[in-house]
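Below: the structure, in structure tokens.
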Amino acid sequence: MGEGSRNEMSLEHLVVVDAPPAASKSCTQLPRSIWALGFVSMFMDISSEMIHALLPIYLVTVLGASTLAVGFVEGIAEATANITKIFSGALSDWLGKRKLLTALGYGLAAFTKPVFPLAASLGWVVAARFIDRIGKGIRDAPRDALIADIASPDQRGASFGLRQALDTVGAFVGPLAAIILMSLSSDNFRLVFWIAVIPAFAALAVMLFAVREPVRHDAEVRPRLRLADVKRLSVAFWTVVGVAMILTLARFSEAFLILRSQNVGLPTTLAPVIMVVMNIVYAITAYPAGVLSDRFGRTGLLALGIVCLIVADLVLALGTSITLVMAGVVFWGLHMALTQGLFASLIADTAPDDLRGTAFGVFNFAGGIAMLVASVLAGGLWEAYGPAATFLAGAGFSTVALICLCLL
């Protein structure tokens, strides 16, 4: 497709995207590099979650930091990651070397991990988190663009679903490993942090030696970075970004799921169970959702995922027992599986090949800003009107996103 025709792409492109591929049998045979990228995400997430599950408690009880300082550390870290994503995606388009930037991002994250057990003050932890989040910002957009480059169009849903599933395995294995190791080591934070270094460097090794980047011809690489290139992103792309941002306003931080579970009587010691249950559901269903989207179209499953979020919000708003809250958490995990990988696939489908990195950078940045607004809004509603108001607002935003998707 020439550049001119790309400029003329409109919402009709979504109809093309939503059509079932002519040949779907290849969906079960993903390239080895897709699997490798999935395991890279899994190993790094295990490492990160082992540390992050304990870091707030470690900062307060061991290093003597205040809760305000903890909030400052996390705020700086996430803001840094979101800002970096835009530039790294565009840079990967310009260089034509997505693996280089992805490996650099994972390398920065791996080499910061030993700082946590070695840190003797809050300043060292702030520096480590800052560099770690720069690494995340550098790697995310080029990695997603690399997946889109490697996978054929009829494999994109399965490819993004697989990576998301393996990443989510790490998201619940990490905290479980931290809990078990803390129990076996009599709450030895530093020992757990040292053990977390191992999967981080395993992720970097897999990234360097098992991932193969498709060869790009010189003609495919743009000679310079140009702000005007953003204009080549189609209406269909911006539509996907817009729907995703509206939905993100309803998908605020999962910390509110934990707070809701405590609100209905779940003991504090069992609070991590909420994240474990959500991530197990997410991990089990993300890959099948991606495969189904390749075979039957993306928007129908995306609409189903939004419906799952509406159900989750209503159950969490109105439920007054631990059982009902757990049911809401299950639906929350289903909605994550049915939306996150599919949004990534739609971004790959609607962006020009030579601007995929830029497209994922813009998408991730927009999602990060929406998540920040959503979490602040959720916290304000919780403080002013109680937990039910927070989740009912989430159901309202989800309904708006569903209506927009159906109209388009």
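The chains in the structure tokens are called A, B, ... from first to last as shown; in each chain the residues are counted from 1, and the ligands are counted from 1 in the order shown.
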I need the residues in range 118-357 of chain A that are helix (DSSP H, G or I) according to DSSP; give them as a ChimeraX atom specification.
/A:118,122-150,153-184,189-210,218-220,227-232,235-250,255-263,268-270,272-296,299-318,322-350,353-357
At a cut-off of 12 Å, using only C-alpha atoms, what residues contact range 196-206 of chain A? Leave out same-chain residues fewer than 4 positions from it and give the result as an MDAnalysis selection string.
chainID A and resid 32:54 99:100 102:118 132 135 139 167 170 173:175 177:178 181 189:192 210:212
Give the answer as one residue: which of A:Val400, A:Val169, A:Leu257, A:Ile180 has the shortest atom-to-atom distance to Gly379 in chain A, using only C-alpha atoms?
A:Leu257
Give me the residues of range 139-175 of chain A that have any atom at most 7 Å from an atom of range 288-291 of chain A; for each, the nearest atom pair and the distance in Å, rounded to one decimal. Use only C-alpha atoms, sort by chain and number, and format it as a tab-separated table.
residue	atom	partner	partner_atom	distance
A:Gly157	CA	A:Gly290	CA	4.0
A:Ala158	CA	A:Gly290	CA	4.2
A:Phe160	CA	A:Gly290	CA	6.8
A:Gly161	CA	A:Gly290	CA	4.7
Filtering to N, CA and C atoms, could you give me those residues as a short mmCIF file (atom, residue, chain, number, x, y, z; two decimals), in the first residue's frame?
data_model
loop_
_atom_site.label_atom_id
_atom_site.label_comp_id
_atom_site.auth_asym_id
_atom_site.auth_seq_id
_atom_site.Cartn_x
_atom_site.Cartn_y
_atom_site.Cartn_z
N GLY A 157 -3.23 -11.19 16.62
CA GLY A 157 -4.02 -11.35 17.84
C GLY A 157 -3.42 -12.42 18.74
N ALA A 158 -3.07 -13.57 18.14
CA ALA A 158 -2.47 -14.66 18.91
C ALA A 158 -1.12 -14.25 19.48
N PHE A 160 0.12 -11.13 20.21
CA PHE A 160 -0.01 -10.20 21.33
C PHE A 160 -0.68 -10.88 22.53
N GLY A 161 -1.62 -11.77 22.26
CA GLY A 161 -2.26 -12.51 23.35
C GLY A 161 -1.28 -13.40 24.09
#
Could you make a table, as a tab-separated table, of the residues of range 167-261 of chain A that have an atom within 10 Å of an atom of range 297-317 of chain A, each with its nearest atom pair and distance in Å to one decimal, counting only C-alpha atoms, in chain and number order?
residue	atom	partner	partner_atom	distance
A:Leu247	CA	A:Ile306	CA	7.7
A:Ala250	CA	A:Leu309	CA	8.2
A:Arg251	CA	A:Leu309	CA	8.0
A:Leu257	CA	A:Leu316	CA	8.2
A:Arg260	CA	A:Leu316	CA	7.5
A:Ser261	CA	A:Leu316	CA	9.0
Selection: 8 Å around range 81-86 of chain A, only C-alpha atoms, excl. self and same-chain fewer than 3 positions, as a VMD selection string
chain A and resid 77 to 78 89 to 90 133 to 141 358 360 to 362 364 to 365 368 to 369
Expected file contents, prior selection, C-alpha atoms, as a compact mmCIF listing (two decimals), in the first residue's frame:
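Wrote it out as again-v4.txt, contents follow:
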# COMPACT_ATOMS: atom_id res chain seq x y z
CA ALA A 77 8.67 6.23 38.12
CA GLU A 78 5.42 5.91 36.16
CA GLY A 89 8.76 4.27 19.52
CA ALA A 90 9.61 7.04 17.06
CA ARG A 133 11.17 2.93 34.44
CA ILE A 134 13.30 4.58 31.77
CA GLY A 135 14.11 1.04 30.67
CA LYS A 136 10.43 0.17 30.55
CA GLY A 137 9.67 3.31 28.58
CA ILE A 138 12.45 2.52 26.10
CA ARG A 139 11.44 -1.09 25.51
CA ASP A 140 7.62 -1.18 25.43
CA ALA A 141 6.79 0.57 22.14
CA THR A 358 5.59 5.80 16.83
CA PHE A 360 2.67 2.23 19.91
CA GLY A 361 4.51 5.07 21.64
CA VAL A 362 1.53 7.40 21.21
CA ASN A 364 1.07 3.76 25.42
CA PHE A 365 1.57 7.41 26.36
CA GLY A 368 -0.61 6.17 30.77
CA ILE A 369 -2.09 9.67 30.99
